[in-house]
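Here is the file data-v7.txt (compact mmCIF, C-alpha atoms and all ligand atoms).
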```txt
# COMPACT_ATOMS: atom_id res chain seq x y z
CA GLU A 65 9.72 -24.88 -5.68
CA THR A 66 8.40 -22.40 -3.13
CA LYS A 67 6.80 -24.33 -0.26
CA ILE A 68 3.94 -22.86 1.79
CA LEU A 69 3.61 -24.39 5.27
CA LYS A 70 0.79 -23.57 7.68
CA VAL A 71 1.51 -22.67 11.29
CA ASP A 72 -1.15 -22.12 13.97
CA PRO A 73 -0.21 -18.92 15.86
CA GLY A 74 -2.64 -19.80 18.67
CA SER A 75 -0.66 -22.94 19.49
CA ILE A 76 2.46 -20.99 20.54
CA GLN A 77 2.77 -19.73 24.13
CA PHE A 78 5.37 -17.34 25.56
CA ALA A 79 5.95 -16.49 29.21
CA ALA A 80 5.14 -12.84 30.04
CA ASP A 81 8.81 -11.85 30.36
CA ALA A 82 10.14 -13.95 27.44
CA HIS A 83 10.81 -10.78 25.40
CA LEU A 84 13.20 -9.67 28.17
CA ASN A 85 15.03 -12.83 29.23
CA GLY A 86 14.70 -14.85 26.02
CA SER A 87 12.93 -17.90 27.46
CA LEU A 88 11.65 -20.22 24.71
CA PRO A 89 7.96 -20.73 23.85
CA THR A 90 5.93 -23.91 24.29
CA PHE A 91 3.95 -25.44 21.41
CA ALA A 92 0.52 -27.06 21.75
CA ASP A 93 0.68 -28.37 18.19
CA ASP A 94 3.48 -30.70 17.02
CA GLU A 95 3.15 -29.83 13.34
CA SER A 96 3.50 -26.09 14.02
CA LYS A 97 6.55 -26.82 16.15
CA ARG A 98 8.12 -28.97 13.42
CA VAL A 99 7.59 -26.28 10.77
CA ILE A 100 9.06 -23.52 12.95
CA GLN A 101 12.08 -25.73 13.70
CA GLU A 102 12.60 -26.39 9.99
CA ALA A 103 12.42 -22.68 9.16
CA SER A 104 14.62 -21.59 12.06
CA LYS A 105 17.30 -24.08 10.99
CA ILE A 106 17.34 -22.51 7.50
CA LEU A 107 17.81 -19.04 9.01
CA ARG A 108 20.51 -20.13 11.45
CA ASP A 109 22.53 -22.51 9.28
CA SER A 110 22.26 -21.26 5.70
CA ASP A 111 22.23 -18.19 3.45
CA ASN A 112 18.63 -18.92 2.55
CA ILE A 113 15.68 -16.71 3.38
CA VAL A 114 12.17 -17.43 4.65
CA ALA A 115 8.93 -15.43 4.48
CA PHE A 116 6.96 -15.31 7.73
CA PRO A 117 3.99 -13.45 9.22
CA THR A 118 4.39 -10.58 11.65
CA GLU A 119 1.55 -8.59 13.23
CA THR A 120 2.16 -5.79 10.70
CA VAL A 121 2.87 -7.41 7.30
CA TYR A 122 4.66 -10.55 6.09
CA GLY A 123 8.45 -10.23 6.32
CA LEU A 124 11.19 -11.73 4.18
CA GLY A 125 13.78 -12.86 6.73
CA GLY A 126 17.45 -13.72 6.65
CA SER A 127 20.26 -13.56 9.20
CA SER A 128 21.27 -9.95 10.00
CA LEU A 129 24.75 -11.28 10.69
CA ASN A 130 25.35 -12.84 7.28
CA ASP A 131 26.16 -10.85 4.13
CA ASN A 132 24.95 -13.58 1.80
CA SER A 133 21.53 -13.83 3.45
CA ILE A 134 21.10 -10.08 3.10
CA LEU A 135 22.16 -10.20 -0.55
CA ASN A 136 19.53 -12.90 -1.10
CA ILE A 137 16.85 -10.67 0.44
CA TYR A 138 17.71 -7.68 -1.77
CA LYS A 139 17.83 -9.94 -4.81
CA ALA A 140 14.50 -11.72 -4.22
CA LYS A 141 12.70 -8.40 -3.69
CA ASN A 142 14.63 -6.51 -6.32
CA ARG A 143 15.18 -3.84 -3.67
CA PRO A 144 17.71 -0.99 -3.98
CA SER A 145 20.58 -1.89 -1.63
CA ASP A 146 20.90 1.62 -0.15
CA ASN A 147 17.63 1.16 1.76
CA PRO A 148 18.55 -0.32 5.19
CA LEU A 149 16.65 -3.22 6.75
CA ILE A 150 14.99 -3.65 10.15
CA THR A 151 16.57 -6.29 12.40
CA HIS A 152 14.06 -8.37 14.34
CA VAL A 153 14.99 -9.92 17.67
CA SER A 154 12.87 -12.08 19.98
CA SER A 155 14.20 -10.58 23.23
CA ILE A 156 16.42 -7.90 24.76
CA ASP A 157 18.62 -10.77 25.95
CA GLN A 158 19.13 -11.85 22.33
CA LEU A 159 19.95 -8.26 21.32
CA ASN A 160 22.64 -8.09 24.00
CA ARG A 161 24.16 -11.49 23.23
CA LYS A 162 23.99 -11.58 19.45
CA ILE A 163 24.55 -7.95 18.47
CA TYR A 164 26.61 -6.58 21.39
CA GLY A 165 28.37 -9.84 22.34
CA GLU A 166 27.38 -9.42 26.01
CA ASN A 167 26.37 -12.75 27.44
CA ASN A 168 25.70 -12.51 31.12
CA LEU A 169 23.90 -9.24 31.74
CA GLY A 170 21.84 -9.37 34.91
CA LYS A 171 18.25 -8.19 35.14
CA ASP A 172 19.32 -4.68 36.18
CA SER A 173 21.67 -4.09 33.26
CA LEU A 174 19.43 -5.66 30.59
CA LEU A 175 18.78 -2.26 28.98
CA LYS A 176 22.36 -0.96 29.10
CA ASN A 177 22.62 -0.99 25.28
CA VAL A 178 19.35 0.90 24.78
CA PRO A 179 19.40 4.71 25.28
CA GLU A 180 17.11 5.87 28.08
CA ILE A 181 14.85 7.86 25.76
CA TYR A 182 13.41 4.58 24.47
CA HIS A 183 12.83 2.86 27.80
CA SER A 184 9.28 4.01 28.42
CA LEU A 185 8.23 3.25 24.83
CA ILE A 186 9.69 -0.24 24.66
CA ASP A 187 8.46 -1.03 28.14
CA GLN A 188 4.92 -0.40 26.94
CA LEU A 189 5.01 -1.20 23.23
CA TRP A 190 7.36 -4.21 22.86
CA PRO A 191 6.69 -6.80 21.62
CA GLY A 192 4.80 -4.89 18.90
CA PRO A 193 4.92 -2.67 15.79
CA LEU A 194 7.53 -0.18 17.07
CA THR A 195 10.98 0.07 15.46
CA ILE A 196 13.76 2.09 17.14
CA LEU A 197 17.15 3.25 15.85
CA LEU A 198 20.23 2.30 17.88
CA PRO A 199 23.88 3.23 17.28
CA VAL A 200 25.77 0.46 15.47
CA PRO A 201 28.20 -1.09 18.02
CA ASN A 202 31.93 -0.27 17.73
CA ALA A 203 33.74 -2.02 14.93
CA SER A 204 35.48 -4.39 17.37
CA ARG A 205 32.18 -5.67 18.77
CA ASN A 206 29.89 -5.29 15.80
CA THR A 207 28.39 -8.50 14.42
CA LEU A 208 25.80 -6.92 12.10
CA SER A 209 26.31 -7.23 8.36
CA LYS A 210 27.07 -3.83 6.81
CA LEU A 211 24.52 -4.73 4.17
CA THR A 212 21.79 -4.84 6.85
CA THR A 213 22.46 -1.25 7.84
CA ALA A 214 23.40 -0.03 4.35
CA SER A 215 26.63 1.16 6.06
CA GLN A 216 24.79 3.70 8.25
CA SER A 217 25.91 4.54 11.80
CA THR A 218 22.57 3.41 13.20
CA PHE A 219 20.53 0.24 12.86
CA ALA A 220 16.81 -0.31 13.15
CA VAL A 221 15.44 -2.99 15.49
CA ARG A 222 12.14 -4.29 16.81
CA ILE A 223 10.62 -7.20 18.73
CA PRO A 224 7.52 -8.33 16.81
CA SER A 225 4.47 -9.57 18.73
CA ASN A 226 3.27 -12.19 16.25
CA PRO A 227 3.91 -15.58 17.98
CA ILE A 228 5.14 -17.22 14.75
CA ALA A 229 7.68 -14.44 14.14
CA ARG A 230 8.81 -14.49 17.78
CA ALA A 231 9.14 -18.28 17.90
CA LEU A 232 11.02 -18.40 14.61
CA ILE A 233 13.53 -15.80 15.79
CA ALA A 234 13.85 -17.31 19.27
CA LEU A 235 14.45 -20.86 17.97
CA SER A 236 16.97 -19.74 15.33
CA ASP A 237 18.61 -17.58 18.04
CA THR A 238 19.65 -15.22 15.25
CA PRO A 239 18.75 -11.56 14.71
CA ILE A 240 16.65 -11.55 11.54
CA ALA A 241 16.67 -8.77 8.94
CA ALA A 242 13.25 -8.61 7.36
CA PRO A 243 11.81 -6.11 4.94
CA SER A 244 8.21 -6.58 3.85
CA ALA A 245 7.97 -9.73 1.70
CA ASN A 246 6.67 -8.04 -1.45
CA ALA A 247 8.45 -7.39 -4.72
CA SER A 248 9.86 -3.85 -4.55
CA THR A 249 7.23 -1.15 -5.42
CA ARG A 250 4.28 -3.56 -4.82
CA PRO A 251 1.92 -3.18 -1.85
CA SER A 252 3.19 -4.98 1.27
CA PRO A 253 1.78 -8.51 1.78
CA THR A 254 -0.78 -9.18 4.51
CA LEU A 255 -1.53 -12.77 3.42
CA ALA A 256 0.76 -15.69 2.52
CA SER A 257 -0.85 -15.74 -0.94
CA HIS A 258 0.39 -12.17 -1.55
CA VAL A 259 3.95 -13.30 -0.83
CA TYR A 260 3.54 -16.30 -3.12
CA HIS A 261 2.23 -14.08 -5.90
CA ASP A 262 5.29 -11.80 -5.78
CA LEU A 263 8.12 -14.20 -4.85
CA LYS A 264 7.21 -17.70 -6.08
CA GLY A 265 10.28 -19.55 -7.35
CA LYS A 266 12.57 -16.99 -5.69
CA ILE A 267 12.45 -18.20 -2.08
CA PRO A 268 12.30 -21.74 -0.63
CA LEU A 269 9.67 -21.31 2.09
CA ILE A 270 6.68 -19.24 3.18
CA LEU A 271 5.17 -19.73 6.64
CA ASP A 272 1.42 -19.18 6.44
CA GLY A 273 0.00 -17.81 9.69
CA GLY A 274 -3.16 -16.27 8.22
CA PRO A 275 -3.92 -12.54 7.82
CA CYS A 276 -1.75 -9.91 9.57
CA SER A 277 -3.77 -8.20 12.29
CA VAL A 278 -2.35 -4.66 12.00
CA GLY A 279 -1.94 -4.47 8.23
CA VAL A 280 0.56 -1.57 7.91
CA GLU A 281 4.26 -1.68 8.74
CA SER A 282 5.81 -0.77 12.10
CA THR A 283 6.23 2.80 13.33
CA VAL A 284 9.90 3.81 12.95
CA VAL A 285 11.20 6.34 15.51
CA ASP A 286 14.59 8.01 15.93
CA GLY A 287 15.31 8.93 19.56
CA LEU A 288 18.99 9.65 18.86
CA CYS A 289 18.30 13.14 17.49
CA ARG A 290 16.80 16.19 19.27
CA PRO A 291 13.91 16.59 19.04
CA PRO A 292 13.15 12.91 18.42
CA MET A 293 11.57 12.04 15.09
CA LEU A 294 8.88 9.79 13.79
CA LEU A 295 10.45 8.53 10.54
CA ARG A 296 7.61 6.33 9.36
CA PRO A 297 4.04 6.34 10.69
CA GLY A 298 2.83 2.78 11.27
CA GLY A 299 1.14 0.32 13.60
CA PHE A 300 1.41 2.62 16.63
CA THR A 301 0.12 6.16 16.11
CA TYR A 302 2.02 9.42 16.55
CA GLU A 303 -0.42 10.28 19.33
CA GLN A 304 0.47 7.03 21.16
CA ILE A 305 4.21 7.66 20.82
CA VAL A 306 3.90 11.17 22.27
CA LYS A 307 1.63 10.00 25.07
CA LEU A 308 3.59 6.90 26.08
CA GLY A 309 7.14 8.05 25.32
CA GLY A 310 7.64 10.23 28.39
CA ASP A 311 8.89 13.83 28.71
CA LEU A 312 11.39 13.73 25.84
CA TRP A 313 8.81 12.84 23.20
CA PHE A 314 6.42 15.80 23.66
CA ASP A 315 7.95 17.69 20.71
CA CYS A 316 8.50 14.64 18.49
CA LYS A 317 8.65 15.74 14.84
CA VAL A 318 7.15 13.85 11.93
CA GLU A 319 9.52 13.26 9.02
CA ARG A 320 8.36 15.07 5.87
CA ARG A 321 4.95 15.58 7.30
CA LYS A 322 2.53 16.78 4.71
CA THR A 323 -0.98 17.71 5.63
CA LEU A 324 -2.89 17.67 2.43
CA GLU A 325 -5.12 20.68 2.83
CA SER A 326 -7.27 21.46 -0.17
CA GLY A 327 -5.29 22.41 -3.22
CA GLU A 328 -1.92 21.97 -1.60
CA LYS A 329 0.65 20.38 -3.88
CA VAL A 330 2.88 17.55 -2.72
CA ARG A 331 6.43 18.79 -3.03
CA THR A 332 8.59 16.49 -0.92
CA PRO A 333 10.71 14.04 -2.91
CA GLY A 334 9.62 10.96 -0.97
CA MET A 335 6.06 11.57 -2.06
CA LYS A 336 7.04 11.28 -5.70
CA TYR A 337 7.94 7.61 -5.54
CA LYS A 338 5.48 5.06 -6.68
CA HIS A 339 5.37 2.53 -3.88
CA TYR A 340 2.57 0.32 -2.69
CA ALA A 341 1.39 0.97 -6.20
CA PRO A 342 -1.03 -1.20 -8.16
CA SER A 343 -0.49 -1.10 -11.91
CA ALA A 344 -3.83 0.61 -12.55
CA LYS A 345 -3.98 4.39 -12.30
CA VAL A 346 -4.81 5.47 -8.73
CA ILE A 347 -6.48 8.73 -7.70
CA LEU A 348 -6.71 9.67 -4.05
CA LEU A 349 -9.59 11.81 -2.79
CA VAL A 350 -8.31 13.93 0.07
CA PRO A 351 -10.89 15.15 2.63
CA GLY A 352 -11.19 18.90 2.17
CA ASN A 353 -13.82 21.61 2.09
CA ILE A 354 -16.76 19.91 0.47
CA GLY A 355 -19.33 19.71 3.20
CA ASN A 356 -22.10 17.34 2.36
CA GLU A 357 -22.43 13.86 0.96
CA ARG A 358 -24.33 14.88 -2.20
CA GLU A 359 -21.61 17.28 -3.22
CA LYS A 360 -18.95 14.70 -2.49
CA ILE A 361 -20.70 12.21 -4.76
CA ARG A 362 -20.99 14.85 -7.51
CA LYS A 363 -17.27 15.50 -7.15
CA LEU A 364 -16.51 11.77 -7.34
CA ILE A 365 -18.49 11.50 -10.56
CA SER A 366 -16.77 14.51 -12.09
CA VAL A 367 -13.33 13.13 -11.19
CA ILE A 368 -14.09 9.83 -12.92
CA ASP A 369 -15.68 11.61 -15.91
CA GLU A 370 -12.60 13.75 -16.34
CA GLN A 371 -10.31 10.70 -16.28
CA CYS A 372 -12.43 8.93 -18.88
CA LEU A 373 -12.26 11.98 -21.07
CA VAL A 374 -8.50 12.46 -20.91
CA SER A 375 -7.90 8.72 -21.38
CA HIS A 376 -9.79 8.84 -24.73
CA GLY A 377 -12.02 5.97 -23.71
CA SER A 378 -9.30 3.59 -22.54
CA ILE A 379 -10.76 3.56 -19.02
CA LYS A 380 -13.47 0.92 -19.03
CA LYS A 381 -13.36 -0.51 -15.54
CA VAL A 382 -13.32 1.64 -12.41
CA SER A 383 -12.92 0.48 -8.84
CA ILE A 384 -13.89 2.76 -5.95
CA LEU A 385 -12.54 2.12 -2.45
CA THR A 386 -14.57 3.97 0.18
CA THR A 387 -14.07 4.89 3.83
CA LEU A 388 -16.19 7.29 5.87
CA GLN A 389 -17.97 9.90 3.76
CA LEU A 390 -18.78 7.64 0.86
CA ALA A 391 -19.71 4.66 3.04
CA ASN A 392 -23.30 4.81 1.80
CA VAL A 393 -22.70 5.67 -1.83
CA SER A 394 -24.95 3.58 -4.04
CA SER A 395 -23.22 1.93 -6.94
CA SER A 396 -26.42 1.97 -9.02
CA GLU A 397 -26.55 5.75 -8.77
CA LEU A 398 -22.95 5.98 -9.91
CA LYS A 399 -23.53 3.47 -12.69
CA SER A 400 -26.35 5.49 -14.17
CA ALA A 401 -24.22 8.63 -14.13
CA LEU A 402 -21.12 7.03 -15.61
CA ASN A 403 -20.62 4.92 -18.68
CA VAL A 404 -18.09 2.50 -17.16
CA ASP A 405 -17.92 -0.89 -15.51
CA LEU A 406 -17.95 -0.08 -11.79
CA THR A 407 -17.22 -1.77 -8.48
CA VAL A 408 -17.49 -0.15 -5.07
CA GLN A 409 -15.76 -1.68 -2.08
CA SER A 410 -15.48 -0.44 1.53
CA LEU A 411 -12.03 -0.31 3.16
CA GLY A 412 -13.69 -0.14 6.58
CA LEU A 413 -15.05 2.50 8.93
CA THR A 414 -12.46 2.64 11.72
CA GLY A 415 -8.74 3.38 11.47
CA GLU A 416 -7.89 -0.19 12.47
CA GLU A 417 -10.21 -1.71 9.89
CA ILE A 418 -8.91 0.51 7.13
CA GLN A 419 -5.28 -0.38 7.99
CA ALA A 420 -6.03 -4.09 8.07
CA ASN A 421 -7.78 -4.05 4.66
CA LEU A 422 -5.66 -1.49 2.83
CA PHE A 423 -2.94 -3.53 1.13
CA ALA A 424 -5.19 -6.50 0.30
CA ALA A 425 -7.66 -4.10 -1.34
CA LEU A 426 -4.91 -2.40 -3.41
CA ARG A 427 -3.78 -5.82 -4.60
CA LYS A 428 -7.29 -7.07 -5.32
CA ALA A 429 -8.18 -3.99 -7.30
CA ASP A 430 -5.21 -4.91 -9.48
CA GLU A 431 -5.95 -8.60 -10.05
CA ASP A 432 -7.17 -9.99 -13.37
CA ASP A 433 -7.33 -6.52 -14.90
CA PHE A 434 -9.99 -5.78 -12.34
CA ALA A 435 -9.76 -2.01 -12.95
CA ASP A 436 -8.13 0.56 -15.23
CA LEU A 437 -8.73 3.29 -12.67
CA ILE A 438 -8.88 3.05 -8.88
CA VAL A 439 -10.38 5.95 -6.93
CA ILE A 440 -9.73 5.85 -3.19
CA GLU A 441 -11.47 7.91 -0.53
CA GLY A 442 -8.78 9.14 1.87
CA VAL A 443 -9.15 9.98 5.57
CA ALA A 444 -7.96 12.76 7.90
CA GLU A 445 -4.27 12.53 8.83
CA LYS A 446 -4.67 11.86 12.53
CA ASP A 447 -4.44 8.70 14.64
CA GLU A 448 -4.35 5.69 12.26
CA GLY A 449 -5.15 8.11 9.42
CA LEU A 450 -1.53 9.34 9.32
CA ALA A 451 -0.17 5.88 8.47
CA VAL A 452 -3.06 5.13 6.11
CA MET A 453 -2.61 8.39 4.16
CA ASN A 454 1.18 7.91 4.06
CA ARG A 455 0.60 4.64 2.15
CA LEU A 456 -2.25 5.97 0.00
CA ILE A 457 -0.29 9.06 -1.08
CA LYS A 458 2.51 6.79 -2.28
CA ALA A 459 0.10 4.39 -3.98
CA ALA A 460 -1.41 7.32 -5.85
CA GLY A 461 1.86 8.96 -6.87
CA ASN A 462 0.94 12.60 -7.24
CA GLU A 463 -2.64 12.02 -8.26
CA TYR A 464 -4.97 13.43 -5.70
CA LYS A 465 -8.03 15.65 -5.64
CA SER A 466 -9.41 17.53 -2.74
CA PHE A 467 -13.02 16.63 -2.02
O1 LIG A 501 6.51 -3.79 10.10
C1 LIG A 501 7.62 -3.76 9.61
O2 LIG A 501 8.48 -2.95 9.97
C2 LIG A 501 7.94 -4.79 8.51
C3 LIG A 501 7.85 -6.17 9.15
C4 LIG A 501 8.31 -7.27 8.24
O3 LIG A 501 8.57 -6.19 10.36
N1 LIG A 501 9.21 -4.52 7.93
C5 LIG A 501 9.40 -3.46 7.10
O4 LIG A 501 10.67 -3.36 6.58
O5 LIG A 501 8.53 -2.67 6.82
P1 LIG A 501 11.04 -2.43 5.34
O6 LIG A 501 12.41 -2.82 4.97
O7 LIG A 501 9.98 -2.58 4.28
O8 LIG A 501 11.06 -0.98 5.92
C6 LIG A 501 12.14 -0.56 6.74
C7 LIG A 501 12.08 0.92 6.95
C8 LIG A 501 12.50 1.67 5.72
O9 LIG A 501 11.69 2.82 5.59
C9 LIG A 501 13.94 2.03 6.03
O10 LIG A 501 14.37 3.15 5.31
C10 LIG A 501 13.89 2.28 7.53
O11 LIG A 501 12.99 1.30 8.01
N2 LIG A 501 15.20 2.08 8.18
C11 LIG A 501 15.85 0.92 8.41
N3 LIG A 501 17.05 1.15 9.00
C12 LIG A 501 17.16 2.49 9.16
C13 LIG A 501 18.15 3.36 9.70
N4 LIG A 501 19.30 2.90 10.20
N5 LIG A 501 17.91 4.69 9.69
C14 LIG A 501 16.75 5.17 9.18
N6 LIG A 501 15.76 4.40 8.65
C15 LIG A 501 15.96 3.09 8.65
MG MG A 502 8.58 -2.42 2.55
```

Please lay out the structure from this file as structure tokens.
Ligand code: TXA
Ligand code: MG
Amino acid sequence: ETKILKVDPGSIQFAADAHLNGSLPTFADDESKRVIQEASKILRDSDNIVAFPTETVYGLGGSSLNDNSILNIYKAKNRPSDNPLITHVSSIDQLNRKIYGENNLGKDSLLKNVPEIYHSLIDQLWPGPLTILLPVPNASRNTLSKLTTASQSTFAVRIPSNPIARALIALSDTPIAAPSANASTRPSPTLASHVYHDLKGKIPLILDGGPCSVGVESTVVDGLCRPPMLLRPGGFTYEQIVKLGGDLWFDCKVERRKTLESGEKVRTPGMKYKHYAPSAKVILLVPGNIGNEREKIRKLISVIDEQCLVSHGSIKKVSILTTLQLANVSSSELKSALNVDLTVQSLGLTGEEIQANLFAALRKADEDDFADLIVIEGVAEKDEGLAVMNRLIKAAGNEYKSF
């Protein structure tokens, strides 16, 4: 009973300032328009929830203003209810009207509800994968469901750039709470089929807009504390935030930053959680001191050998996901050195490619008992590498080897 409806993102056009003044998009394709209208009606008029594409990952959306919608989100995902949700709006105008109850703000006071520290960032990065924290409005004005914010004093908000997400939110004229549309602990979905796999029978509708272009979730920043903090690395890099944020962002701190130098143990609690985790065992290879490719390949073989040994032969199928150093590793060489069924797959060579392929590869490695052991070649924690390693460290639990 879960419907999947296709929407063509290329058929939806927004004016350049639509994310400020809230003007509605035009549709070049009637069927896409009809589907978006159907989905936006569900979000506006019912407690039901809808999965939809964003530029980062697919989201599972429900009205941020309605307790029952939020309960339905937590239930479908099986998500712990103390983890607050991001509210998605289509424009600053919608934020002012629907969350602050201010209807007629002129052009000059459009940003009155957004602290100045964010102005430069949102001016340059919205619509897009940037999430900011704002203070929850006073009780008398507040329209947000307490369940959206998990009763915190701040709420998280972003304007997505994906035209389907923007059109859906604009037409429903409702702020939409949307966590990633995966079952809790599974890798985030970057295709409609991933959502269907995890949530079929639990939600009425999935909008299929094709693959997500960014592939990791939005960057979450807190500009309400001093110094400001990057709470979750994501679609925009730390380096971009510092560069584009203006004077107050130069000393931006990274929450629980862990640089995995060789031999260093992961101690922070967040790192212990299995998240983004396939059901096969995952080992992360962290770039370290080993200088040349031959030695890296020897190390890879010894890591797999060791796992086979300690598993008492229960590891029969191994999947290797490569990035930079192992880009040219030959699977026939590995096969002759190891007595296992082996597949080697590249995640990509640039930060953007690796981000876009990451979650699909983690899911694929897990399909049809594809592998008992997944070995992933990590990257340096800079630029896109910070967000990539944040996800890979969680996918691997505590299992990493320096190489
Ligand atoms: O790209 C994304 O952000 C995707 C798409 C669908 O937009 N959404 C997403 O939502 O990743 P979710 O629920 O999977 O992640 C939300 C993150 C969590 O790490 C949560 O703890 C944090 O944002 N968050 C939300 N509200 C917060 C708040 N008030 N204070 C601190 N962190 C908050
Ligand atoms: Mg998530």

Option closest in space to Ser128 in chain A, from A:Ser236, A:Ser184, A:Ser343, A:Ser252 [counting all atoms listed in the file]: A:Ser236

Residues contacting ligand LIG 501 (chain A) - anything with an atom at most 8 Å away, using only C-alpha atoms and all ligand atoms - can you give me those as a JSON list (two decimals) with C-alpha atoms, in the frame of the given file?
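Dumped to part.json:
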```
[["chain", "number", "residue", "atom", "x", "y", "z"],
["A", 117, "PRO", "CA", 3.99, -13.45, 9.22],
["A", 118, "THR", "CA", 4.39, -10.58, 11.65],
["A", 119, "GLU", "CA", 1.55, -8.59, 13.23],
["A", 120, "THR", "CA", 2.16, -5.79, 10.70],
["A", 121, "VAL", "CA", 2.87, -7.41, 7.30],
["A", 122, "TYR", "CA", 4.66, -10.55, 6.09],
["A", 123, "GLY", "CA", 8.45, -10.23, 6.32],
["A", 124, "LEU", "CA", 11.19, -11.73, 4.18],
["A", 125, "GLY", "CA", 13.78, -12.86, 6.73],
["A", 147, "ASN", "CA", 17.63, 1.16, 1.76],
["A", 148, "PRO", "CA", 18.55, -0.32, 5.19],
["A", 149, "LEU", "CA", 16.65, -3.22, 6.75],
["A", 150, "ILE", "CA", 14.99, -3.65, 10.15],
["A", 152, "HIS", "CA", 14.06, -8.37, 14.34],
["A", 193, "PRO", "CA", 4.92, -2.67, 15.79],
["A", 194, "LEU", "CA", 7.53, -0.18, 17.07],
["A", 195, "THR", "CA", 10.98, 0.07, 15.46],
["A", 197, "LEU", "CA", 17.15, 3.25, 15.85],
["A", 198, "LEU", "CA", 20.23, 2.30, 17.88],
["A", 212, "THR", "CA", 21.79, -4.84, 6.85],
["A", 213, "THR", "CA", 22.46, -1.25, 7.84],
["A", 214, "ALA", "CA", 23.40, -0.03, 4.35],
["A", 216, "GLN", "CA", 24.79, 3.70, 8.25],
["A", 217, "SER", "CA", 25.91, 4.54, 11.80],
["A", 218, "THR", "CA", 22.57, 3.41, 13.20],
["A", 219, "PHE", "CA", 20.53, 0.24, 12.86],
["A", 220, "ALA", "CA", 16.81, -0.31, 13.15],
["A", 221, "VAL", "CA", 15.44, -2.99, 15.49],
["A", 222, "ARG", "CA", 12.14, -4.29, 16.81],
["A", 224, "PRO", "CA", 7.52, -8.33, 16.81],
["A", 242, "ALA", "CA", 13.25, -8.61, 7.36],
["A", 243, "PRO", "CA", 11.81, -6.11, 4.94],
["A", 244, "SER", "CA", 8.21, -6.58, 3.85],
["A", 245, "ALA", "CA", 7.97, -9.73, 1.70],
["A", 252, "SER", "CA", 3.19, -4.98, 1.27],
["A", 280, "VAL", "CA", 0.56, -1.57, 7.91],
["A", 281, "GLU", "CA", 4.26, -1.68, 8.74],
["A", 282, "SER", "CA", 5.81, -0.77, 12.10],
["A", 283, "THR", "CA", 6.23, 2.80, 13.33],
["A", 284, "VAL", "CA", 9.90, 3.81, 12.95],
["A", 286, "ASP", "CA", 14.59, 8.01, 15.93],
["A", 295, "LEU", "CA", 10.45, 8.53, 10.54],
["A", 296, "ARG", "CA", 7.61, 6.33, 9.36],
["A", 298, "GLY", "CA", 2.83, 2.78, 11.27],
["A", 299, "GLY", "CA", 1.14, 0.32, 13.60]]
```

Please list as number ranges by chain every residue within 7 Å of Gly279 in chain A, counting all atoms listed in the file and excluding residues in the same chain fewer than 3 positions away. A: 120-121, 254, 276, 419-421

Skipping near chain neighbours, those fewer than 5 positions away, what residues fall within 10 Å of Leu169 in chain A using all atoms listed in the file, listed as a PDB file with C-alpha atoms, in the coordinates of the input?
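Result file follows (result_30.pdb):
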```pdb
ATOM      1  CA  ASN A  85      15.030 -12.830  29.230  1.00  0.00           C
ATOM      2  CA  ASP A 157      18.620 -10.770  25.950  1.00  0.00           C
ATOM      3  CA  ASN A 160      22.640  -8.090  24.000  1.00  0.00           C
ATOM      4  CA  ARG A 161      24.160 -11.490  23.230  1.00  0.00           C
ATOM      5  CA  LEU A 174      19.430  -5.660  30.590  1.00  0.00           C
ATOM      6  CA  LEU A 175      18.780  -2.260  28.980  1.00  0.00           C
ATOM      7  CA  LYS A 176      22.360  -0.960  29.100  1.00  0.00           C
TER       8      LYS A 176
END
```

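One finds CA of Val200 in chain A at 28.9 Å from CA of Ile267 in chain A.
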
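In terms of minimum interatomic distance to Glu397 in chain A, A:Ile365 ranks closest within A:Ile240, A:Ile365, A:Val443, A:Ile384, counting all atoms listed in the file.
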
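The neighbours of Val114 in chain A here are the residues that come within 7 Å of it, using all atoms listed in the file and leaving out any residue fewer than 2 positions away in the same chain; they are Ala103, Asn112, Phe116, Leu124, Gly125, Gly126, Ile267, Pro268, Leu269 and Ile270 of chain A.
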
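Closest approach to Leu189 in chain A among A:Gly309, A:Pro342, A:Gly461, A:Gly86: A:Gly309, based on all atoms listed in the file.
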
Tell me which of A:Asp369, A:Glu102, A:Glu431, A:Glu166 sits closest to Ala231 in chain A, counting all atoms listed in the file.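 Among the listed residues, the smallest separation from Ala231 in chain A belongs to A:Glu102.
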
Could you check which of A:Gly377, A:Gly287, A:Pro292, A:Pro253 is closest to ligand MG 502 (chain A), using only C-alpha atoms and all ligand atoms?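 Residue with the minimum atom-to-atom distance to ligand MG 502 (chain A): A:Pro253.
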
Between A:Asn136, A:Asn167, A:Gln188, A:Asn142, which has the minimum distance to Arg250 in chain A (counting only C-alpha atoms)? A:Asn142

Grab the CA of Asp433 in chain A to CA of Gly273 in chain A distance for me, in Å with one decimal place. 28.0 Å

Set the distance at 10 Å and use only C-alpha atoms: which residues neighbour Gln101 in chain A once local chain neighbours fewer than 4 positions away are removed? I'd like the list as a list of chain:residue names. A:Glu95, A:Ser96, A:Lys97, A:Lys105, A:Ile106, A:Leu107, A:Ala231, A:Leu232, A:Leu235, A:Ser236

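What separates CA of Phe314 in chain A from CA of Phe300 in chain A is a distance of 15.8 Å.
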